[in-house]
Amino acid sequence: MGKFNINHFICRSDNYGVIISDKNTGLTASIDAPDAEIIDQELKINDLKLTHLFITHKHLDHIEGIEYLKDKYSCKVIGPEKEKDEIPLLDITVIDEEYIDFSGSPIKIIETPGHTLGHIIYHFEQDNLLFAGDTLFLMGCGRVFEGTHKQMFESLEKIKKLPPNTAIYFGHEYSLANAKFAASIWPDKHIKKRLDEIESLRAQNKHTIPTTLDAELITNLFLMGDNTSLKRKLDMGDAKEEEIFSELRTKKDTF
Ligand code: ZN
Ligand code: FE
């Protein structure tokens, strides 16, 4: 395995807390700050000290713990330049295609407007890790609150271009609802199999995080707008990928 240990745990009701730490240097980052107390408890259990906070977007369920954690650990808080006025205590703001370093690993910042206009995701290029916040979920994608469907579609296109073996950590445990939606649209064999797997994991209260890009490419309908069978299922045989995305996003909003 790689040089990092990654812990994930549920915060609030369905947010994922994720902590990544370098086994050698001890440098430790939390992806977002959904719940200070639970993150702090995880750090203690694993004997870690928080050195970095990587914030994906401004929603309260991703930033509420910043103040407490920064006060306690004096960690560096990194977040999107475009949401700097709405995220407290940022030390470093970042923009699209900028690189930052974490424990010798280059992290590429990718702006993914759609869920919010300033949303960013963190791609650990050498480590094949992506922290996707509320842009991509297992078999789903974030609700489009601020951007347009076109923007969200283009944001997901950026993720599709990453290496297929990328492990993707996402912001919420929505996998079961997403899989049920996908199966309701197109009960393809890959989708049905994954729905079964997720049902059994969730029945045991197990996490579905992380996913991988190659699994998403064959089960996440929001990435599959060029699939002819899917297009036929939607009666949209001649539609463009972007239109398929938009139709699915609209359907999911009321599913
Ligand atoms: Zn959000
Ligand atoms: Fe969220």
# chains A, B, ... in the order shown; residues from 1 in each chain; ligands from 1

$ closest_atom_pairs --of "chain A" --to "ligand 2" --cutoff "8 Å" --atoms "only C-alpha atoms and all ligand atoms" --output "Markdown table"
| residue | atom | partner | partner_atom_place_in_ligand_line | distance |
| --- | --- | --- | --- | --- |
| A:Asn15 | CA | ligand 2 | 1 (Fe) | 6.6 |
| A:His59 | CA | ligand 2 | 1 (Fe) | 6.4 |
| A:Leu60 | CA | ligand 2 | 1 (Fe) | 7.8 |
| A:Asp61 | CA | ligand 2 | 1 (Fe) | 5.5 |
| A:His62 | CA | ligand 2 | 1 (Fe) | 6.1 |
| A:Gly133 | CA | ligand 2 | 1 (Fe) | 7.2 |
| A:Asp134 | CA | ligand 2 | 1 (Fe) | 5.6 |
| A:Gly171 | CA | ligand 2 | 1 (Fe) | 6.0 |
| A:His172 | CA | ligand 2 | 1 (Fe) | 6.5 |

$ residues_around --residues "Asp253 (chain A)" --least-positions-apart "6" --cutoff "12 Å" --atoms "only C-alpha atoms" --output "count of residues only"
11

$ residues_around --residues "Thr211 (chain A)" --least-positions-apart "2" --cutoff "9 Å" --atoms "only C-alpha atoms" --output "list in words"
Phe137, Leu138, Thr166, Ala167, Ile168, Tyr169, Phe170, Thr208, Ile209, Leu213, Asp214, Ala215 and Glu216 of chain A

$ write_last_selection --atoms "C-alpha atoms" --output "compact mmCIF listing (two decimals), in the first residue's frame"
# COMPACT_ATOMS: atom_id res chain seq x y z
CA PHE A 137 -20.64 10.34 -4.79
CA LEU A 138 -20.68 6.60 -5.18
CA THR A 166 -8.06 6.45 -8.70
CA ALA A 167 -9.58 5.79 -5.26
CA ILE A 168 -12.31 8.33 -4.65
CA TYR A 169 -13.32 9.53 -1.20
CA PHE A 170 -16.65 11.34 -1.20
CA THR A 208 -19.14 2.09 1.15
CA ILE A 209 -16.25 4.57 0.91
CA LEU A 213 -13.15 5.66 -10.91
CA ASP A 214 -13.29 2.45 -12.94
CA ALA A 215 -16.26 1.21 -10.87
CA GLU A 216 -18.01 4.57 -11.29

$ select_by_dssp --residues "region 87-246 of chain A" --states "strand (DSSP E)" --output "number ranges by chain"
A: 92-94, 99-102, 105-111, 120-124, 129-131, 136-137, 140-141, 167-169, 211-212

$ residues_around --residues "Thr25 (chain A)" --least-positions-apart "3" --cutoff "10 Å" --atoms "only C-alpha atoms" --output "list of chain:residue names"
A:Lys3, A:Phe4, A:Ser21, A:Asp22, A:Thr28, A:Ser103, A:Gly104

$ atom_distance --atom1 "CA of Ile63 (chain A)" --atom2 "CA of Ala33 (chain A)"
4.9 Å

$ closest_residue --among "A:Tyr16, A:Glu86, A:Leu53, A:Thr135" --to "ligand 1" --atoms "only C-alpha atoms and all ligand atoms"
A:Thr135

$ select_by_dssp --residues "region 25-249 of chain A" --states "alpha helix (DSSP H)" --output "VMD selection string"
chain A and resid 36 to 45 60 to 63 66 to 73 149 to 160 175 to 185 189 to 203 213 to 219 228 to 233 241 to 249

$ closest_residue --among "A:Lys44, A:His115, A:Lys193, A:Lys252" --to "ligand 1" --atoms "only C-alpha atoms and all ligand atoms"
A:His115

$ residues_around --residues "Val18 (chain A)" --least-positions-apart "2" --cutoff "8 Å" --atoms "only C-alpha atoms" --output "ChimeraX atom specification"
/A:6-9,16,20,30-32,169

$ residues_around --residues "region 151-158 of chain A" --least-positions-apart "2" --cutoff "8 Å" --atoms "only C-alpha atoms" --output "PDB file with C-alpha atoms, in the first residue's frame"
ATOM      1  CA  GLU A 111     -12.293  23.438  -9.484  1.00  0.00           C
ATOM      2  CA  THR A 112     -15.628  21.637  -9.878  1.00  0.00           C
ATOM      3  CA  PRO A 113     -18.398  24.250  -9.916  1.00  0.00           C
ATOM      4  CA  GLY A 114     -21.972  22.955  -9.742  1.00  0.00           C
ATOM      5  CA  HIS A 115     -22.874  21.957  -6.184  1.00  0.00           C
ATOM      6  CA  THR A 135     -19.107  16.780  -6.412  1.00  0.00           C
ATOM      7  CA  LEU A 136     -19.064  13.017  -6.984  1.00  0.00           C
ATOM      8  CA  VAL A 144     -26.647  21.382  -8.332  1.00  0.00           C
ATOM      9  CA  GLY A 147     -24.130  26.302 -10.760  1.00  0.00           C
ATOM     10  CA  THR A 148     -25.848  25.123 -13.908  1.00  0.00           C
ATOM     11  CA  HIS A 149     -26.275  21.534 -15.022  1.00  0.00           C
ATOM     12  CA  LYS A 160     -13.646  11.140 -15.801  1.00  0.00           C
ATOM     13  CA  LYS A 161     -10.244  12.016 -17.252  1.00  0.00           C
ATOM     14  CA  LEU A 162      -8.318  10.942 -14.136  1.00  0.00           C
ATOM     15  CA  LEU A 223     -20.802   9.728 -15.874  1.00  0.00           C
ATOM     16  CA  GLU A 242     -24.752  16.796 -21.417  1.00  0.00           C
ATOM     17  CA  PHE A 245     -26.748  14.268 -17.505  1.00  0.00           C
ATOM     18  CA  SER A 246     -29.271  17.050 -17.094  1.00  0.00           C
TER      19      SER A 246
END

$ atom_distance --atom1 "CA of Asn220 (chain A)" --atom2 "CA of Pro106 (chain A)"
27.6 Å

$ residues_around --residues "Val77 (chain A)" --least-positions-apart "5" --cutoff "8 Å" --atoms "only C-alpha atoms" --output "mmCIF file with N, CA and C atoms, in the first residue's frame"
data_model
loop_
_atom_site.group_PDB
_atom_site.id
_atom_site.type_symbol
_atom_site.label_atom_id
_atom_site.label_comp_id
_atom_site.auth_asym_id
_atom_site.auth_seq_id
_atom_site.Cartn_x
_atom_site.Cartn_y
_atom_site.Cartn_z
ATOM 1 N N HIS A 52 -3.106 19.659 8.824
ATOM 2 C CA HIS A 52 -3.740 20.317 7.676
ATOM 3 C C HIS A 52 -5.246 20.066 7.658
ATOM 4 N N LEU A 53 -5.965 21.051 7.180
ATOM 5 C CA LEU A 53 -7.397 20.870 6.913
ATOM 6 C C LEU A 53 -7.625 21.243 5.450
ATOM 7 N N PHE A 54 -8.120 20.296 4.670
ATOM 8 C CA PHE A 54 -8.411 20.558 3.260
ATOM 9 C C PHE A 54 -9.924 20.731 3.107
ATOM 10 N N ILE A 55 -10.348 21.935 2.791
ATOM 11 C CA ILE A 55 -11.781 22.225 2.707
ATOM 12 C C ILE A 55 -12.228 22.191 1.244
ATOM 13 N N ILE A 66 -14.028 23.810 11.721
ATOM 14 C CA ILE A 66 -12.739 24.461 11.449
ATOM 15 C C ILE A 66 -12.214 25.207 12.676
ATOM 16 N N LYS A 70 -8.706 24.247 14.403
ATOM 17 C CA LYS A 70 -7.565 25.136 14.202
ATOM 18 C C LYS A 70 -7.067 25.679 15.543
ATOM 19 N N LEU A 89 -11.194 31.298 8.693
ATOM 20 C CA LEU A 89 -9.838 30.945 9.138
ATOM 21 C C LEU A 89 -8.960 30.257 8.096
ATOM 22 N N LEU A 90 -9.168 30.574 6.833
ATOM 23 C CA LEU A 90 -8.315 29.988 5.795
ATOM 24 C C LEU A 90 -6.904 30.581 5.870
ATOM 25 N N ASP A 91 -5.892 29.729 5.770
ATOM 26 C CA ASP A 91 -4.499 30.196 5.698
ATOM 27 C C ASP A 91 -4.029 30.270 4.258
ATOM 28 N N ILE A 92 -4.481 29.302 3.450
ATOM 29 C CA ILE A 92 -4.045 29.223 2.057
ATOM 30 C C ILE A 92 -5.288 29.057 1.194
#

$ atom_distance --atom1 "CA of Ser175 (chain A)" --atom2 "CA of Asn128 (chain A)"
21.5 Å

$ closest_residue --among "A:Ala29, A:Ile159, A:Leu117, A:Val94" --to "ligand 1" --atoms "only C-alpha atoms and all ligand atoms"
A:Leu117
